[in-house]
Structures are given as structure tokens and as C-alpha cells.
$ cat entry00.cif   # mmCIF, C-alpha atoms and all ligand atoms
data_protein
loop_
_atom_site.label_atom_id
_atom_site.label_comp_id
_atom_site.auth_asym_id
_atom_site.auth_seq_id
_atom_site.Cartn_x
_atom_site.Cartn_y
_atom_site.Cartn_z
CA MET A 204 0.01 -14.85 -22.78
CA ILE A 205 1.37 -13.55 -19.51
CA LEU A 206 2.35 -15.81 -16.70
CA PRO A 207 2.00 -13.76 -13.54
CA SER A 208 3.42 -16.55 -11.40
CA LYS A 209 6.70 -16.40 -13.34
CA HIS A 210 6.83 -12.65 -12.99
CA LEU A 211 6.22 -13.05 -9.26
CA LYS A 212 9.33 -15.18 -8.98
CA LYS A 213 11.39 -12.48 -10.69
CA VAL A 214 10.07 -9.82 -8.33
CA LEU A 215 10.94 -12.00 -5.33
CA GLN A 216 14.47 -12.30 -6.71
CA ARG A 217 14.68 -8.51 -7.08
CA ILE A 218 13.61 -8.15 -3.45
CA GLN A 219 16.24 -10.64 -2.39
CA GLN A 220 18.99 -8.79 -4.26
CA ALA A 221 17.91 -5.37 -3.08
CA THR A 222 17.71 -6.39 0.56
CA LYS A 223 21.12 -8.03 0.36
CA GLN A 224 22.57 -4.87 -1.14
CA ALA A 225 20.96 -2.77 1.57
CA ASN A 226 22.04 -5.11 4.39
CA ARG A 227 18.44 -5.83 5.24
CA GLU A 228 16.48 -9.05 5.73
CA THR A 229 14.18 -10.29 2.98
CA GLU A 230 11.51 -10.99 5.61
CA ASP A 231 11.40 -7.29 6.49
CA ILE A 232 9.82 -6.46 3.15
CA ARG A 233 6.16 -7.24 2.53
CA LEU A 234 5.19 -7.53 -1.10
CA ILE A 235 1.77 -6.20 -2.10
CA ALA A 236 0.78 -7.45 -5.55
CA VAL A 237 -1.22 -4.64 -7.17
CA SER A 238 -3.92 -6.27 -9.26
CA LYS A 239 -5.93 -3.25 -10.41
CA THR A 240 -7.55 -3.71 -13.85
CA LYS A 241 -6.51 -7.40 -13.86
CA PRO A 242 -9.05 -10.23 -13.70
CA ALA A 243 -9.64 -12.40 -10.64
CA ALA A 244 -8.15 -15.35 -12.54
CA ASP A 245 -4.77 -13.59 -12.62
CA VAL A 246 -4.97 -12.88 -8.91
CA GLU A 247 -5.71 -16.53 -8.27
CA GLN A 248 -2.66 -17.63 -10.28
CA VAL A 249 -0.41 -15.38 -8.25
CA TYR A 250 -2.08 -16.61 -5.07
CA LEU A 251 -1.42 -20.20 -6.08
CA ALA A 252 2.25 -19.26 -6.56
CA GLY A 253 2.35 -18.29 -2.89
CA GLN A 254 1.46 -14.59 -2.80
CA ARG A 255 -1.12 -13.64 -0.14
CA GLU A 256 -1.38 -9.82 -0.13
CA PHE A 257 -3.02 -7.89 -2.94
CA GLY A 258 -3.62 -4.21 -3.56
CA GLU A 259 -6.56 -2.63 -5.37
CA ASN A 260 -7.33 0.97 -6.40
CA TYR A 261 -10.86 0.97 -7.74
CA LEU A 262 -13.54 0.07 -5.23
CA GLN A 263 -16.23 -1.61 -7.33
CA GLU A 264 -13.69 -3.63 -9.28
CA ALA A 265 -12.04 -4.66 -6.01
CA LEU A 266 -15.32 -5.72 -4.38
CA ASP A 267 -16.14 -7.90 -7.39
CA LYS A 268 -12.76 -9.65 -7.12
CA ILE A 269 -12.98 -10.04 -3.36
CA ALA A 270 -16.35 -11.74 -3.83
CA ALA A 271 -15.07 -13.92 -6.68
CA LEU A 272 -12.07 -15.06 -4.60
CA HIS A 273 -13.94 -15.54 -1.34
CA HIS A 274 -12.77 -19.16 -1.19
CA LEU A 275 -9.15 -18.03 -0.70
CA THR A 276 -9.68 -17.46 3.00
CA ASP A 277 -6.17 -16.30 3.95
CA ILE A 278 -5.85 -13.66 1.24
CA LYS A 279 -5.28 -10.08 2.49
CA TRP A 280 -6.66 -7.05 0.65
CA HIS A 281 -5.08 -3.61 0.69
CA PHE A 282 -6.98 -0.57 -0.54
CA ILE A 283 -4.47 1.83 -2.13
CA GLY A 284 -6.64 4.11 -4.28
CA ALA A 285 -8.35 7.45 -3.87
CA ILE A 286 -11.19 7.33 -1.33
CA GLN A 287 -14.50 9.11 -1.77
CA SER A 288 -16.08 9.83 1.57
CA ASN A 289 -19.41 8.28 0.60
CA LYS A 290 -17.66 5.00 -0.28
CA THR A 291 -15.91 4.29 3.00
CA ARG A 292 -18.27 1.63 4.32
CA PRO A 293 -17.38 -1.19 1.92
CA ILE A 294 -13.71 -0.36 2.40
CA ALA A 295 -14.10 -0.65 6.18
CA GLU A 296 -15.96 -3.94 5.77
CA HIS A 297 -13.89 -5.76 3.16
CA PHE A 298 -10.24 -4.71 3.45
CA ASP A 299 -7.43 -5.48 5.90
CA TRP A 300 -5.34 -2.40 5.13
CA VAL A 301 -5.97 1.09 3.73
CA HIS A 302 -2.85 2.94 2.51
CA SER A 303 -4.51 6.05 1.15
CA VAL A 304 -5.96 7.92 4.13
CA ASP A 305 -5.15 11.61 3.77
CA ARG A 306 -7.75 13.40 5.87
CA LEU A 307 -9.42 13.04 9.23
CA LYS A 308 -12.93 12.86 7.83
CA ILE A 309 -12.10 9.66 5.95
CA ALA A 310 -10.36 8.12 8.97
CA ARG A 311 -13.35 8.90 11.21
CA ARG A 312 -15.76 7.29 8.80
CA LEU A 313 -13.60 4.18 8.44
CA ALA A 314 -13.39 3.95 12.24
CA GLU A 315 -17.16 4.25 12.66
CA GLN A 316 -17.88 1.78 9.90
CA ARG A 317 -15.30 -0.90 10.73
CA PRO A 318 -17.30 -3.89 11.97
CA PRO A 319 -16.30 -4.24 15.65
CA GLU A 320 -16.04 -8.02 15.37
CA LEU A 321 -13.19 -7.65 12.86
CA PRO A 322 -9.61 -6.82 13.86
CA PRO A 323 -8.74 -3.12 13.69
CA LEU A 324 -8.33 -1.80 10.15
CA ASN A 325 -4.63 -1.14 9.45
CA ILE A 326 -4.03 2.41 8.23
CA CYS A 327 -1.24 4.25 6.45
CA LEU A 328 -1.41 7.98 5.89
CA GLN A 329 -0.75 8.93 2.28
CA VAL A 330 1.81 11.72 2.12
CA ASN A 331 2.14 14.11 -0.82
CA LEU A 332 5.92 14.50 -1.02
CA SER A 333 6.12 16.60 -4.14
CA ASN A 334 3.21 18.87 -3.18
CA GLU A 335 1.59 18.53 -6.56
CA ASP A 336 -1.93 19.87 -6.59
CA SER A 337 -3.10 16.96 -8.69
CA LYS A 338 -1.95 14.25 -6.29
CA SER A 339 -3.79 13.22 -3.19
CA GLY A 340 -2.00 13.00 0.10
CA VAL A 341 -1.45 15.10 3.20
CA SER A 342 1.45 17.51 2.98
CA ILE A 343 4.46 16.52 5.02
CA THR A 344 4.10 19.41 7.46
CA GLU A 345 0.57 18.30 8.35
CA VAL A 346 1.46 14.66 8.98
CA PRO A 347 2.17 14.89 12.74
CA ALA A 348 -1.20 16.49 13.57
CA LEU A 349 -3.16 14.04 11.41
CA ALA A 350 -1.21 11.05 12.75
CA LYS A 351 -2.02 12.06 16.30
CA GLN A 352 -5.73 12.36 15.57
CA VAL A 353 -5.95 9.13 13.59
CA SER A 354 -4.02 7.18 16.21
CA GLN A 355 -6.76 7.96 18.74
CA LEU A 356 -9.60 6.47 16.70
CA LYS A 357 -11.10 3.17 17.77
CA HIS A 358 -11.21 0.19 15.40
CA LEU A 359 -8.24 1.55 13.44
CA SER A 360 -4.57 0.75 13.87
CA LEU A 361 -2.30 3.46 12.52
CA ARG A 362 0.70 1.60 11.11
CA GLY A 363 2.69 4.12 9.09
CA LEU A 364 3.05 6.20 5.95
CA MET A 365 2.61 5.71 2.23
CA ALA A 366 3.71 7.80 -0.75
CA ILE A 367 3.64 7.76 -4.53
CA PRO A 368 6.49 10.08 -5.48
CA LEU A 369 6.63 11.98 -8.72
CA LYS A 370 7.44 9.53 -11.48
CA THR A 371 11.08 9.86 -12.45
CA ASP A 372 13.89 7.66 -13.74
CA ASP A 373 16.48 9.72 -11.91
CA PRO A 374 17.71 7.58 -8.98
CA ALA A 375 18.87 10.66 -7.06
CA GLN A 376 15.33 12.06 -7.14
CA GLN A 377 13.92 8.69 -6.12
CA HIS A 378 16.31 8.49 -3.16
CA PHE A 379 15.42 12.04 -2.17
CA TYR A 380 11.67 11.41 -1.97
CA PHE A 381 11.88 8.05 -0.22
CA HIS A 382 14.39 9.43 2.24
CA GLN A 383 11.96 12.22 3.11
CA LEU A 384 9.20 9.72 3.89
CA LYS A 385 11.52 7.61 6.05
CA HIS A 386 12.62 10.72 7.91
CA CYS A 387 9.00 11.69 8.51
CA LEU A 388 8.25 8.25 10.00
CA ASP A 389 11.35 8.40 12.21
CA GLU A 390 10.24 11.81 13.51
CA LEU A 391 6.81 10.46 14.48
CA ASN A 392 8.42 7.53 16.27
CA SER A 393 10.84 9.80 18.10
CA GLN A 394 7.79 11.67 19.36
CA GLY A 395 6.44 8.49 20.92
CA MET A 396 4.47 6.79 18.16
CA GLN A 397 5.15 3.17 17.31
CA LEU A 398 4.75 2.99 13.57
CA ASP A 399 6.28 0.03 11.74
CA THR A 400 5.24 0.55 8.12
CA LEU A 401 6.69 2.49 5.22
CA SER A 402 4.65 1.71 2.11
CA MET A 403 6.80 2.93 -0.78
CA GLY A 404 8.27 1.56 -3.99
CA MET A 405 6.61 0.37 -7.21
CA SER A 406 7.77 -1.65 -10.22
CA ASN A 407 10.35 0.85 -11.45
CA ASP A 408 11.77 2.10 -8.15
CA MET A 409 11.45 -0.76 -5.66
CA GLU A 410 15.22 -1.19 -5.24
CA VAL A 411 15.66 2.44 -4.22
CA ALA A 412 12.68 2.23 -1.88
CA ILE A 413 14.15 -0.85 -0.19
CA ALA A 414 17.51 0.92 0.16
CA GLU A 415 15.71 3.81 1.86
CA GLY A 416 13.78 1.69 4.34
CA ALA A 417 10.55 0.53 2.70
CA THR A 418 8.75 -2.21 4.62
CA MET A 419 5.97 -2.67 2.04
CA ILE A 420 6.37 -2.39 -1.69
CA ARG A 421 3.40 -2.19 -4.05
CA ILE A 422 4.13 -3.94 -7.32
CA GLY A 423 1.71 -4.10 -10.23
CA THR A 424 3.26 -4.10 -13.71
CA ALA A 425 6.25 -6.28 -12.84
CA ILE A 426 3.89 -9.04 -11.68
CA PHE A 427 0.75 -8.69 -13.78
CA GLY A 428 2.17 -7.06 -16.92
CA GLU A 429 1.27 -3.73 -18.48
CA ARG A 430 -2.18 -2.35 -17.84
CA SER A 431 -4.26 -1.09 -20.71
CA ALA A 432 -5.43 2.50 -20.24
CA LYS A 433 -8.49 2.70 -18.05
C1 LIG B 501 -0.82 1.15 -9.67
C2 LIG B 501 -0.20 1.41 -8.36
C3 LIG B 501 0.94 0.70 -7.93
C4 LIG B 501 1.68 -0.28 -8.81
O1 LIG B 501 2.39 0.40 -9.81
P1 LIG B 501 3.33 -0.40 -10.85
O2 LIG B 501 4.17 0.68 -11.41
O3 LIG B 501 2.43 -1.04 -11.84
O4 LIG B 501 4.12 -1.38 -10.07
C5 LIG B 501 1.41 0.96 -6.66
N1 LIG B 501 0.82 1.84 -5.84
C6 LIG B 501 -0.28 2.53 -6.19
C7 LIG B 501 -0.88 3.48 -5.23
C8 LIG B 501 -0.81 2.34 -7.46
O5 LIG B 501 -1.89 3.05 -7.81
#

$ encode --input "entry00.cif" --output "C-alpha cells"
Amino acid sequence: MILPSKHLKKVLQRIQQATKQANRETEDIRLIAVSKTKPAADVEQVYLAGQREFGENYLQEALDKIAALHHLTDIKWHFIGAIQSNKTRPIAEHFDWVHSVDRLKIARRLAEQRPPELPPLNICLQVNLSNEDSKSGVSITEVPALAKQVSQLKHLSLRGLMAIPLKTDDPAQQHFYFHQLKHCLDELNSQGMQLDTLSMGMSNDMEVAIAEGATMIRIGTAIFGERSAK
């Protein structure tokens, strides 16, 4: 039996150590617990242990959990998966953050469909750092133009950038990719944007991401245990 709340404690300790090592404050890192493929009961356990922000990849599964956990009124949901353009409405209606926006069409739809009585939907642009054809994300050279367009849309709040670098155990490679994303954010801010979010770092590279300036880390396996193949 897994005990997600115990795992959560370990992850919080890793954050504490990594921030100390990087001369950063623990409060500067927001932990997103990635609960994809895991049941609502596991999410609730982690919630009861103090965690409030959760990330989901698969829309229908996420909507079922959001409905099942409706009584947890201060929970925050982050959509971090691939977005089909005909599925934007429920994302706009039920999430607080979307990390995986990589084209204007999606951003426009989210803006149009965000209920105006809700706060603006927080947006990160997903950047494809390794330029793999198979991965989603806007290429780094196209980020400034997309950021400018998205920042002008009503009912959205552009907050920063997200990336899922090529999986590697080589720390030098990990540093390289995360450093690129941080540099990209700094460039946008030097051109007058005010972006405060770098969503990068997962279970096996969160320390490197924190060293390179992550403000949000997205942790699944280290909290909820291994996922069975979907
Ligand atoms: C699954 C997933 C995570 C969590 O990955 P772990 O290695 O399980 O921590 C983070 N971000 C995204 C976009 C994911 O799809």
C-alpha cells in the first residue's frame, strides 16, 4: 500500500534541501502534485496532508476527480496535458492554471470560454526545448511573438513558461535545458513583460530545476508512486 502523505513529506524535505543549496527561499517554490491516473481518494489523502495544488493531464479523468472532490473548496487545479482545440471549454471552466498552451488558437479559445465571473485563467506557454517533433510546445524562437499575443487576451493572465525537457539522467543536460528556459523568461521580462513563473522540474530532476530558477515544480511519481502504463 502506498502512503502518498508520507511521500509528500519527503518531497517537501527535498525542496527544502534544494532551496537551501541554491540560496533560495522554500516559499519561492510552489509544489504541484501531479495526480494523473491516480484515484480521487489518493488526491484527498495528499490534500489532508496539507497540499493544495494538483496537476492533471487527461481531461475527462480530471473532470471526474474535480467533481468528486468538489467539497475541498480551496483546492487548485492545474491542467498540464496536451490540449485538443475542441476540448478547451471545460478547461477554461474548471481549472485555475493551464501550463500547456503552445499556440494562439488554443489561447484565444480559452480566453473566449473563461467564465467572466471567475478570476483570469493563469497561463504558462509550453516551450519545446529539445525541438523534438514528437513533443508539443512552441519552439524557443517563437516564444516572444506568442507571449505578446497571449498577454493581450482578456480573461487570461500570462504568468510564464513551462517545459518538459528530454528525459535524461545526465545532470549537465538537465542544467542546460532548464537554464535555457530561465534565460528565455528573463529575455521576455527584459522586454517589458512581468512574468513570475517558471514551471519546470519533475520527480527525477527537481533539484536541478530549483537550482536553475524553477518557481513551480510538477511532481507525480515521488508523491503518488509509480503509474501503471496507460
Ligand atoms: C506526468 C507529468 C509530470 C510528473 O512527472 P513525474 O516524473 O511522475 O514526477 C510533470 N509534468 C507533466 C507535464 C507530466 O505529464

$ residues_near_ligand --input "entry00.cif" --ligand "ligand LIG 501 (chain B)" --cutoff "10 Å" --atoms "all atoms listed in the file" --output "number ranges by chain"
A: 235-240, 258-261, 282-285, 302-303, 329, 365-368, 370, 402-409, 420-430

$ write_last_selection --input "entry00.cif" --atoms "C-alpha atoms" --output "tab-separated table (two decimals), in the coordinates of the input"
chain	number	residue	atom	x	y	z
A	235	ILE	CA	1.77	-6.20	-2.10
A	236	ALA	CA	0.78	-7.45	-5.55
A	237	VAL	CA	-1.22	-4.64	-7.17
A	238	SER	CA	-3.92	-6.27	-9.26
A	239	LYS	CA	-5.93	-3.25	-10.41
A	240	THR	CA	-7.55	-3.71	-13.85
A	258	GLY	CA	-3.62	-4.21	-3.56
A	259	GLU	CA	-6.56	-2.63	-5.37
A	260	ASN	CA	-7.33	0.97	-6.40
A	261	TYR	CA	-10.86	0.97	-7.74
A	282	PHE	CA	-6.98	-0.57	-0.54
A	283	ILE	CA	-4.47	1.83	-2.13
A	284	GLY	CA	-6.64	4.11	-4.28
A	285	ALA	CA	-8.35	7.45	-3.87
A	302	HIS	CA	-2.85	2.94	2.51
A	303	SER	CA	-4.51	6.05	1.15
A	329	GLN	CA	-0.75	8.93	2.28
A	365	MET	CA	2.61	5.71	2.23
A	366	ALA	CA	3.71	7.80	-0.75
A	367	ILE	CA	3.64	7.76	-4.53
A	368	PRO	CA	6.49	10.08	-5.48
A	370	LYS	CA	7.44	9.53	-11.48
A	402	SER	CA	4.65	1.71	2.11
A	403	MET	CA	6.80	2.93	-0.78
A	404	GLY	CA	8.27	1.56	-3.99
A	405	MET	CA	6.61	0.37	-7.21
A	406	SER	CA	7.77	-1.65	-10.22
A	407	ASN	CA	10.35	0.85	-11.45
A	408	ASP	CA	11.77	2.10	-8.15
A	409	MET	CA	11.45	-0.76	-5.66
A	420	ILE	CA	6.37	-2.39	-1.69
A	421	ARG	CA	3.40	-2.19	-4.05
A	422	ILE	CA	4.13	-3.94	-7.32
A	423	GLY	CA	1.71	-4.10	-10.23
A	424	THR	CA	3.26	-4.10	-13.71
A	425	ALA	CA	6.25	-6.28	-12.84
A	426	ILE	CA	3.89	-9.04	-11.68
A	427	PHE	CA	0.75	-8.69	-13.78
A	428	GLY	CA	2.17	-7.06	-16.92
A	429	GLU	CA	1.27	-3.73	-18.48
A	430	ARG	CA	-2.18	-2.35	-17.84

$ closest_residue --input "entry00.cif" --among "A:Thr371, A:Thr291, A:Asn226, A:Ser208" --to "Ala252 (chain A)" --atoms "only C-alpha atoms"
A:Ser208

$ closest_residue --input "entry00.cif" --among "A:Lys290, A:Val301, A:Lys268, A:Ala295" --to "Leu313 (chain A)" --atoms "only C-alpha atoms"
A:Ala295

$ closest_residue --input "entry00.cif" --among "A:Pro207, A:Gly416, A:Pro242, A:Gly363" --to "Asn325 (chain A)" --atoms "all atoms listed in the file"
A:Gly363

$ atom_distance --input "entry00.cif" --atom1 "CA of Arg312 (chain A)" --atom2 "CA of Asp399 (chain A)"
23.4 Å

$ closest_residue --input "entry00.cif" --among "A:Val353, A:Ile232, A:Val246, A:Val304" --to "Trp280 (chain A)" --atoms "all atoms listed in the file"
A:Val246

$ closest_residue --input "entry00.cif" --among "A:Leu361, A:Ala350, A:Met419, A:Leu324" --to "Gln394 (chain A)" --atoms "only C-alpha atoms"
A:Ala350

$ atom_distance --input "entry00.cif" --atom1 "CA of Cys387 (chain A)" --atom2 "CA of Ser342 (chain A)"
11.0 Å

$ axis_aligned_box --input "entry00.cif" --around "region 344-363 of chain A" --padding-each-side "4 Å" --output "lines of an AutoDock Vina configuration file"
center_x = -3.6
center_y = 9.8
center_z = 13.1
size_x = 23.3
size_y = 27.2
size_z = 19.3

$ atom_distance --input "entry00.cif" --atom1 "CA of Leu388 (chain A)" --atom2 "CA of Leu364 (chain A)"
6.9 Å

$ closest_residue --input "entry00.cif" --among "A:Val411, A:Ala243, A:Leu262, A:Ile343" --to "Arg217 (chain A)" --atoms "all atoms listed in the file"
A:Val411

$ residues_around --input "entry00.cif" --residues "Asp389 (chain A)" --least-positions-apart "4" --cutoff "12 Å" --atoms "only C-alpha atoms" --output "PyMOL selection string"
chain A and resi 347+363-364+382-385+393-401+416

$ write_last_selection --input "entry00.cif" --atoms "C-alpha atoms" --output "PDB file, keeping the file's coordinate frame"
ATOM      1  CA  PRO A 347       2.170  14.890  12.740  1.00  0.00           C
ATOM      2  CA  GLY A 363       2.690   4.120   9.090  1.00  0.00           C
ATOM      3  CA  LEU A 364       3.050   6.200   5.950  1.00  0.00           C
ATOM      4  CA  HIS A 382      14.390   9.430   2.240  1.00  0.00           C
ATOM      5  CA  GLN A 383      11.960  12.220   3.110  1.00  0.00           C
ATOM      6  CA  LEU A 384       9.200   9.720   3.890  1.00  0.00           C
ATOM      7  CA  LYS A 385      11.520   7.610   6.050  1.00  0.00           C
ATOM      8  CA  SER A 393      10.840   9.800  18.100  1.00  0.00           C
ATOM      9  CA  GLN A 394       7.790  11.670  19.360  1.00  0.00           C
ATOM     10  CA  GLY A 395       6.440   8.490  20.920  1.00  0.00           C
ATOM     11  CA  MET A 396       4.470   6.790  18.160  1.00  0.00           C
ATOM     12  CA  GLN A 397       5.150   3.170  17.310  1.00  0.00           C
ATOM     13  CA  LEU A 398       4.750   2.990  13.570  1.00  0.00           C
ATOM     14  CA  ASP A 399       6.280   0.030  11.740  1.00  0.00           C
ATOM     15  CA  THR A 400       5.240   0.550   8.120  1.00  0.00           C
ATOM     16  CA  LEU A 401       6.690   2.490   5.220  1.00  0.00           C
ATOM     17  CA  GLY A 416      13.780   1.690   4.340  1.00  0.00           C
TER      18      GLY A 416
END
